[in-house]
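**Student:** Structure incoming, see below.
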Amino acid sequence: MTNHATHSQQTTRTAQGINELNNTEVTGRLLMLASSNLPIGSYTYSQGIEPAIESGLIHDESSGLAFMSDYLELALCRYELPLLALMIEALMINDVALTDALGADYHASRETKEFVYESSQLALSLSAWLDNVLELNVPDSLLAHGFLPLFAHISSHWQLKPVQAMTTYAFGQIENMVLAAVKTVPLGQMAGQRIIWQLQQLLSQQIQPLAANVQQKFSQVQSMPLVADTPDIAISKLNLLYQQLQISANLPNLALLSCQHERQYSRLFRS
C-alpha cells in the first residue's frame, strides 16, 4: 500500500530538484554570456577607455570610477539597457517589425567607425559560438544590426527575463571596461575589484525599476489604438516608447574619444 505522505514528499523533492536544475542552467548561461573572454572575446575592445586614458580623463582609480559611472548611467541605463529590454518584450509577443526598428536604431546609434566595427564583430563572434557550440543557425538578417539585437534574440530564445538579460549585458560591459583600465592605466587588481563592486552596486539599484518601467510603458504603447493608415506603425511605437522612457544615445564626447582612438599612436585595443 502506497504511503501518500511519503510519495508527496518525494514528488516535492523531485520538483525542487528540477527547479534547482533549471536555475543552475540559467545561471550558467548568464555567466557564459557575461564573460569578456568567451564566447565572443570582447576583451579586445576598450569601449572608449583607452583613448580616455590617453587624453588624461582616466589616470587613477577615482577618475576611472567616475568615467565608468557616467558610462553606466548615460550609455547603459539611459539607452542600451532599456533598448535591450524593449527588444525582449517585443520578441515575447512576436512583434517582429518593432524588434527590427529597435535594432536598426541601435545600429544607427553607433556613431563612429570603431563602434560600428566593434558591434559587428561581436555579433559575428556570438553567431559563430551559437552555430558551432549550440548548433543554432543565426540568419544573416539577425546580424545586420550588430551585437545588442543578437544578444536580445538569444536572451529571448533562452527565455531569460529582461532583468536577467539586462544585468548580464551590463556586467559584461562593466567588467570589460575595468579590465581595460587595469591593463592600461595601469591599476592594481584590487583597485579594479573595488571599481567593479561599486559599479555593480549602482547597477543593482537601477536595474529593477528600469525593467519595470520599460514593461509598463511597453504595455501601454501596445494597447494604444494607433491609426491604421500610419505609414509605419513600428516607427510610431518606437517614437512613443522613446518619448515615454526618455531614451537617448546622444554622447558626443564619447564619440569624439572613439574618433581619436582611430588615430592613436599606440593602442592595445580595437575600440
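Labels used: A, B, ... for chains in the order of the C-alpha cells, numbers from 1 for residues in each chain, and numbers from 1 for ligands as shown.
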Pick out the residues sitting within 9 Å of A:Ala181, and hand them over as a list in words; count only C-alpha atoms, and ignore anything fewer than 3 positions along from it in its own chain.
**Tutor:** Ser46, Ile49, Glu50, Ile53, Ile58, His59, Asp60, Glu61, Gly64, Asn176, Met177, Val178, Thr184, Val185, Pro186, Leu187 and Gly192 of chain A
**Student:** For A:Asp70, find every residue with an atom within 12 Å (counting only C-alpha atoms), except residues of its own chain fewer than 5 positions away, and show them as number ranges by chain.
**Tutor:** A: 63-65, 75-78, 174, 199, 202-203, 251, 253-254
**Student:** So what do you get for atom CA of A:Ile154 versus atom CA of A:Ser35, distance-wise?
**Tutor:** 15.0 Å
**Student:** Which polymer residues have any atom within 10 Å of an atom of stretch 97-113 of chain A, counting only C-alpha atoms, with same-chain residues fewer than 3 positions away left out, as number ranges by chain?
**Tutor:** A: 79-80, 83-84, 86-91, 94, 116-120, 141-150, 152-153, 232-238, 248-252, 254-259, 262, 271
**Student:** Would you work out the distance separating atom CA of A:Glu175 from atom CA of A:Ile196, expressed in Å to one decimal?
**Tutor:** 6.6 Å
